[in-house]
Amino acid sequence: MPTQFDLSLFPFIHGFAAETLAPFETGAADWLIALVPFVLIALWLRDRNGDRTDGATAAIAAGMALALSGLISFLVFEPRPFMIGLAGNVLDHAADSSFPSDHVAVMAAVTASLTFAGRSRIAAILATATVFVGWSRVALGVHFPTDVVAGASIGVCAAGFLRSGLLSPFVAFVVRVGETVSAMMGLDKVSDFIRKPSFLRSR
(Lines give C-alpha, C1' and ligand atoms only; values in the text may rest on other atoms or scores of the structure.)
Protein backbone atom coordinates (compact mmCIF):
# COMPACT_ATOMS: atom_id res chain seq x y z
CA MET A 1 0.00 0.00 0.00
CA PRO A 2 1.12 3.61 -0.56
CA THR A 3 3.15 5.25 2.19
CA GLN A 4 1.99 8.22 4.21
CA PHE A 5 4.49 10.30 2.26
CA ASP A 6 2.77 9.29 -0.99
CA LEU A 7 -0.70 9.96 0.36
CA SER A 8 0.28 13.42 1.60
CA LEU A 9 2.20 14.52 -1.52
CA PHE A 10 0.00 12.98 -4.20
CA PRO A 11 -2.96 15.38 -3.79
CA PHE A 12 -0.66 18.39 -4.19
CA ILE A 13 0.91 17.13 -7.43
CA HIS A 14 -2.38 15.84 -8.79
CA GLY A 15 -4.26 19.06 -8.03
CA PHE A 16 -1.54 21.45 -9.16
CA ALA A 17 -0.83 19.68 -12.41
CA ALA A 18 -4.51 19.31 -13.24
CA GLU A 19 -4.78 23.08 -13.27
CA THR A 20 -1.50 24.17 -14.84
CA LEU A 21 -0.19 21.33 -17.00
CA ALA A 22 -3.41 19.77 -18.29
CA PRO A 23 -2.72 20.60 -21.98
CA PHE A 24 0.65 18.86 -21.88
CA GLU A 25 0.67 16.18 -19.20
CA THR A 26 -1.18 13.45 -21.09
CA GLY A 27 1.17 13.66 -24.06
CA ALA A 28 4.20 13.85 -21.79
CA ALA A 29 3.14 10.87 -19.70
CA ASP A 30 2.67 8.64 -22.75
CA TRP A 31 4.90 9.95 -25.51
CA LEU A 32 7.85 11.91 -24.14
CA ILE A 33 9.67 8.64 -23.57
CA ALA A 34 10.01 8.53 -27.38
CA LEU A 35 12.99 10.86 -26.90
CA VAL A 36 14.97 7.82 -25.74
CA PRO A 37 14.94 5.84 -29.01
CA PHE A 38 15.29 9.09 -30.96
CA VAL A 39 18.49 9.99 -29.08
CA LEU A 40 19.91 6.47 -29.30
CA ILE A 41 19.22 6.21 -33.04
CA ALA A 42 20.72 9.66 -33.60
CA LEU A 43 23.89 8.65 -31.76
CA TRP A 44 24.14 5.47 -33.79
CA LEU A 45 23.72 7.24 -37.12
CA ARG A 46 26.08 10.10 -36.25
CA ASP A 47 28.84 7.64 -35.28
CA ARG A 48 31.45 10.09 -33.99
CA ASN A 49 33.75 10.01 -30.95
CA GLY A 50 32.33 6.85 -29.42
CA ASP A 51 28.69 7.65 -30.24
CA ARG A 52 27.81 4.04 -30.93
CA THR A 53 29.47 2.66 -27.81
CA ASP A 54 27.84 5.29 -25.60
CA GLY A 55 24.48 4.72 -27.23
CA ALA A 56 24.74 0.94 -26.93
CA THR A 57 25.75 1.25 -23.28
CA ALA A 58 22.74 3.49 -22.62
CA ALA A 59 20.43 1.07 -24.43
CA ILE A 60 21.70 -1.90 -22.41
CA ALA A 61 21.32 0.09 -19.19
CA ALA A 62 17.73 0.89 -20.17
CA GLY A 63 17.04 -2.79 -20.84
CA MET A 64 18.50 -3.78 -17.49
CA ALA A 65 16.46 -1.10 -15.71
CA LEU A 66 13.25 -2.22 -17.44
CA ALA A 67 13.89 -5.87 -16.56
CA LEU A 68 14.61 -5.07 -12.92
CA SER A 69 11.62 -2.77 -12.69
CA GLY A 70 9.39 -5.47 -14.15
CA LEU A 71 10.71 -8.05 -11.71
CA ILE A 72 10.05 -5.76 -8.74
CA SER A 73 6.55 -5.02 -10.03
CA PHE A 74 5.90 -8.75 -10.20
CA LEU A 75 7.15 -9.34 -6.66
CA VAL A 76 5.74 -6.21 -4.98
CA PHE A 77 2.18 -5.21 -5.76
CA GLU A 78 1.14 -1.63 -5.07
CA PRO A 79 -2.19 -0.32 -6.38
CA ARG A 80 -2.09 2.69 -8.64
CA PRO A 81 -3.78 5.90 -7.43
CA PHE A 82 -6.70 5.47 -9.83
CA MET A 83 -7.24 1.94 -8.45
CA ILE A 84 -8.00 3.27 -4.95
CA GLY A 85 -10.14 6.21 -6.00
CA LEU A 86 -7.56 9.01 -5.74
CA ALA A 87 -7.78 9.88 -9.44
CA GLY A 88 -9.52 8.90 -12.63
CA ASN A 89 -7.91 6.47 -15.06
CA VAL A 90 -7.22 9.20 -17.60
CA LEU A 91 -4.67 7.16 -19.54
CA ASP A 92 -6.86 4.04 -19.56
CA HIS A 93 -3.95 2.23 -17.90
CA ALA A 94 -3.98 -1.43 -16.95
CA ALA A 95 -4.71 -2.07 -13.26
CA ASP A 96 -1.30 -3.59 -12.52
CA SER A 97 1.33 -2.74 -9.93
CA SER A 98 2.32 0.89 -9.60
CA PHE A 99 5.75 0.28 -8.08
CA PRO A 100 8.17 1.23 -9.59
CA SER A 101 7.75 3.43 -12.68
CA ASP A 102 9.01 1.65 -15.81
CA HIS A 103 8.98 4.87 -17.84
CA VAL A 104 11.16 6.72 -15.36
CA ALA A 105 13.48 3.72 -14.88
CA VAL A 106 14.23 3.56 -18.62
CA MET A 107 14.62 7.32 -19.05
CA ALA A 108 16.78 7.67 -15.95
CA ALA A 109 19.01 4.80 -17.10
CA VAL A 110 19.69 6.46 -20.45
CA THR A 111 20.10 9.89 -18.86
CA ALA A 112 22.56 8.63 -16.25
CA SER A 113 24.48 6.55 -18.79
CA LEU A 114 24.97 9.53 -21.09
CA THR A 115 25.90 11.68 -18.11
CA PHE A 116 28.60 9.20 -17.11
CA ALA A 117 29.83 9.28 -20.71
CA GLY A 118 30.26 13.07 -20.50
CA ARG A 119 27.39 13.93 -22.83
CA SER A 120 26.02 16.61 -20.55
CA ARG A 121 23.89 18.53 -23.05
CA ILE A 122 21.94 15.51 -24.26
CA ALA A 123 21.70 14.24 -20.68
CA ALA A 124 20.32 17.58 -19.48
CA ILE A 125 17.54 17.46 -22.08
CA LEU A 126 16.67 13.89 -21.14
CA ALA A 127 16.82 14.68 -17.42
CA THR A 128 14.30 17.49 -17.91
CA ALA A 129 12.07 15.17 -19.91
CA THR A 130 12.37 12.47 -17.24
CA VAL A 131 11.26 14.86 -14.50
CA PHE A 132 8.33 15.99 -16.61
CA VAL A 133 7.31 12.39 -17.35
CA GLY A 134 7.51 11.42 -13.69
CA TRP A 135 5.54 14.45 -12.60
CA SER A 136 2.90 13.92 -15.29
CA ARG A 137 2.38 10.27 -14.46
CA VAL A 138 1.85 11.13 -10.81
CA ALA A 139 -0.47 13.98 -11.76
CA LEU A 140 -2.57 11.67 -13.92
CA GLY A 141 -2.99 9.07 -11.19
CA VAL A 142 -0.80 6.38 -12.71
CA HIS A 143 1.94 6.48 -10.07
CA PHE A 144 2.74 7.69 -6.58
CA PRO A 145 5.84 9.85 -5.98
CA THR A 146 7.71 6.92 -4.42
CA ASP A 147 7.20 4.91 -7.62
CA VAL A 148 8.93 7.63 -9.60
CA VAL A 149 11.82 7.93 -7.14
CA ALA A 150 12.26 4.15 -7.15
CA GLY A 151 12.23 4.06 -10.96
CA ALA A 152 14.85 6.80 -11.14
CA SER A 153 17.02 4.97 -8.60
CA ILE A 154 16.81 1.74 -10.58
CA GLY A 155 17.80 3.55 -13.77
CA VAL A 156 20.80 5.26 -12.17
CA CYS A 157 21.95 2.00 -10.58
CA ALA A 158 21.73 0.17 -13.91
CA ALA A 159 23.77 2.90 -15.60
CA GLY A 160 26.27 2.83 -12.76
CA PHE A 161 26.69 -0.91 -13.12
CA LEU A 162 27.41 -0.53 -16.83
CA ARG A 163 29.84 2.29 -15.99
CA SER A 164 31.86 -0.10 -13.82
CA GLY A 165 33.09 -1.80 -16.99
CA LEU A 166 32.11 -5.31 -15.95
CA LEU A 167 30.02 -5.67 -19.09
CA SER A 168 32.40 -3.86 -21.46
CA PRO A 169 33.00 -7.03 -23.55
CA PHE A 170 29.25 -7.48 -23.92
CA VAL A 171 28.83 -3.82 -24.94
CA ALA A 172 31.56 -4.24 -27.55
CA PHE A 173 29.82 -7.38 -28.83
CA VAL A 174 26.50 -5.54 -29.10
CA VAL A 175 28.18 -2.73 -31.05
CA ARG A 176 29.79 -5.23 -33.46
CA VAL A 177 26.48 -6.99 -34.04
CA GLY A 178 24.74 -3.65 -34.48
CA GLU A 179 27.32 -2.50 -37.01
CA THR A 180 26.89 -5.72 -38.99
CA VAL A 181 23.12 -5.30 -39.06
CA SER A 182 23.50 -1.60 -39.83
CA ALA A 183 25.71 -2.36 -42.83
CA MET A 184 23.33 -5.04 -44.10
CA MET A 185 20.40 -2.61 -43.90
CA GLY A 186 22.29 0.16 -45.64
CA LEU A 187 22.21 2.44 -42.61
CA ASP A 188 25.93 3.12 -42.92
CA LYS A 189 25.13 5.20 -46.00
CA VAL A 190 22.90 7.35 -43.83
CA SER A 191 25.72 7.69 -41.31
CA ASP A 192 28.15 8.69 -44.05
CA PHE A 193 25.72 11.34 -45.27
CA ILE A 194 25.21 12.74 -41.77
CA ARG A 195 28.94 12.98 -41.17
CA LYS A 196 29.45 15.05 -44.33
CA PRO A 197 29.35 18.86 -44.16
CA SER A 198 25.79 20.06 -44.50
CA PHE A 199 24.48 21.30 -47.82
CA LEU A 200 24.14 24.85 -46.52
CA ARG A 201 27.66 25.00 -45.11
CA SER A 202 29.16 23.63 -48.32
CA ARG A 203 27.75 26.45 -50.44
# chains A, B, ... in the order shown; residues from 1 in each chain; ligands from 1
>>> closest_atom_pairs(of="region 57-135 of chain A", to="region 161-169 of chain A", cutoff="12 Å", atoms="only C-alpha atoms", output="Markdown table")
| residue | atom | partner | partner_atom | distance |
| --- | --- | --- | --- | --- |
| A:Thr57 | CA | A:Leu162 | CA | 6.9 |
| A:Ala58 | CA | A:Leu162 | CA | 8.5 |
| A:Ala59 | CA | A:Leu162 | CA | 10.4 |
| A:Ile60 | CA | A:Leu162 | CA | 8.1 |
| A:Ala61 | CA | A:Leu162 | CA | 6.6 |
| A:Ala62 | CA | A:Leu162 | CA | 10.3 |
| A:Gly63 | CA | A:Leu162 | CA | 11.4 |
| A:Met64 | CA | A:Leu162 | CA | 9.5 |
| A:Ala65 | CA | A:Phe161 | CA | 10.6 |
| A:Ala109 | CA | A:Leu162 | CA | 10.0 |
| A:Val110 | CA | A:Leu162 | CA | 11.0 |
| A:Ala112 | CA | A:Arg163 | CA | 9.7 |
| A:Ser113 | CA | A:Arg163 | CA | 7.4 |
| A:Leu114 | CA | A:Arg163 | CA | 10.1 |
| A:Thr115 | CA | A:Arg163 | CA | 10.4 |
| A:Phe116 | CA | A:Arg163 | CA | 7.1 |
| A:Ala117 | CA | A:Arg163 | CA | 8.4 |
| A:Gly118 | CA | A:Arg163 | CA | 11.7 |
>>> closest_residue(among="A:Gly15, A:Asp6, A:Gly134, A:Ile122", to="Leu40 (chain A)", atoms="only C-alpha atoms")
A:Ile122
>>> residues_around(residues="region 138-144 of chain A", least_positions_apart="3", cutoff="7 Å", atoms="only C-alpha atoms", output="list in words")
Asp6, Phe10, Ile13, His14, Ala17, Ala18, Arg80, Pro81, Phe82, Ala87, Gly88, Asn89, Val90, Ser98, Gly134, Trp135, Asp147 and Val148 of chain A
>>> write_last_selection(atoms="N, CA, C and O atoms", output="short mmCIF file (atom, residue, chain, number, x, y, z; two decimals), in the first residue's frame")
data_model
loop_
_atom_site.label_atom_id
_atom_site.label_comp_id
_atom_site.auth_asym_id
_atom_site.auth_seq_id
_atom_site.Cartn_x
_atom_site.Cartn_y
_atom_site.Cartn_z
N ASP A 6 3.48 9.28 0.29
CA ASP A 6 2.77 9.29 -0.99
C ASP A 6 1.38 9.91 -0.85
O ASP A 6 0.96 10.73 -1.66
N PHE A 10 0.74 13.22 -2.96
CA PHE A 10 0.00 12.98 -4.20
C PHE A 10 -1.09 14.03 -4.47
O PHE A 10 -1.17 14.52 -5.60
N ILE A 13 0.47 17.26 -6.04
CA ILE A 13 0.91 17.13 -7.43
C ILE A 13 -0.28 16.95 -8.36
O ILE A 13 -0.37 17.57 -9.42
N HIS A 14 -1.21 16.11 -7.95
CA HIS A 14 -2.38 15.84 -8.79
C HIS A 14 -3.21 17.11 -9.00
O HIS A 14 -3.60 17.43 -10.13
N ALA A 17 -1.04 19.99 -11.00
CA ALA A 17 -0.83 19.68 -12.41
C ALA A 17 -2.14 19.72 -13.18
O ALA A 17 -2.17 20.08 -14.35
N ALA A 18 -3.21 19.31 -12.55
CA ALA A 18 -4.51 19.31 -13.24
C ALA A 18 -4.88 20.71 -13.68
O ALA A 18 -5.56 20.91 -14.69
N ARG A 80 -2.27 1.35 -8.08
CA ARG A 80 -2.09 2.69 -8.64
C ARG A 80 -3.12 3.63 -8.02
O ARG A 80 -4.19 3.19 -7.57
N PRO A 81 -2.83 4.94 -8.02
CA PRO A 81 -3.78 5.90 -7.43
C PRO A 81 -5.20 5.78 -7.96
O PRO A 81 -6.17 5.87 -7.19
N PHE A 82 -5.34 5.56 -9.27
CA PHE A 82 -6.70 5.47 -9.83
C PHE A 82 -7.41 4.20 -9.36
O PHE A 82 -8.64 4.12 -9.40
N ALA A 87 -7.79 9.19 -8.14
CA ALA A 87 -7.78 9.88 -9.44
C ALA A 87 -8.55 9.04 -10.44
O ALA A 87 -8.83 7.86 -10.19
N GLY A 88 -8.89 9.65 -11.56
CA GLY A 88 -9.52 8.90 -12.63
C GLY A 88 -8.46 8.21 -13.48
O GLY A 88 -7.29 8.62 -13.48
N ASN A 89 -8.85 7.18 -14.19
CA ASN A 89 -7.91 6.47 -15.06
C ASN A 89 -7.86 7.17 -16.41
O ASN A 89 -8.35 6.66 -17.43
N VAL A 90 -7.25 8.35 -16.42
CA VAL A 90 -7.22 9.20 -17.60
C VAL A 90 -6.52 8.52 -18.77
O VAL A 90 -6.92 8.66 -19.93
N SER A 98 1.83 -0.46 -9.39
CA SER A 98 2.32 0.89 -9.60
C SER A 98 3.81 1.03 -9.36
O SER A 98 4.45 1.94 -9.89
N GLY A 134 7.83 11.88 -15.04
CA GLY A 134 7.51 11.42 -13.69
C GLY A 134 6.42 12.24 -13.05
O GLY A 134 5.47 11.70 -12.46
N TRP A 135 6.55 13.55 -13.16
CA TRP A 135 5.54 14.45 -12.60
C TRP A 135 4.18 14.20 -13.24
O TRP A 135 3.16 14.11 -12.55
N ASP A 147 7.00 5.74 -6.43
CA ASP A 147 7.20 4.91 -7.62
C ASP A 147 8.19 5.57 -8.58
O ASP A 147 9.03 4.90 -9.18
N VAL A 148 8.06 6.87 -8.71
CA VAL A 148 8.93 7.63 -9.60
C VAL A 148 10.36 7.66 -9.06
O VAL A 148 11.33 7.46 -9.80
#
>>> atom_distance(atom1="CA of Gly160 (chain A)", atom2="CA of Phe77 (chain A)")
26.3 Å
>>> closest_residue(among="A:Val171, A:Ala150, A:Val156, A:Ala108", to="Arg52 (chain A)", atoms="only C-alpha atoms")
A:Val171
>>> atom_distance(atom1="CA of Asp30 (chain A)", atom2="CA of Leu71 (chain A)")
21.6 Å
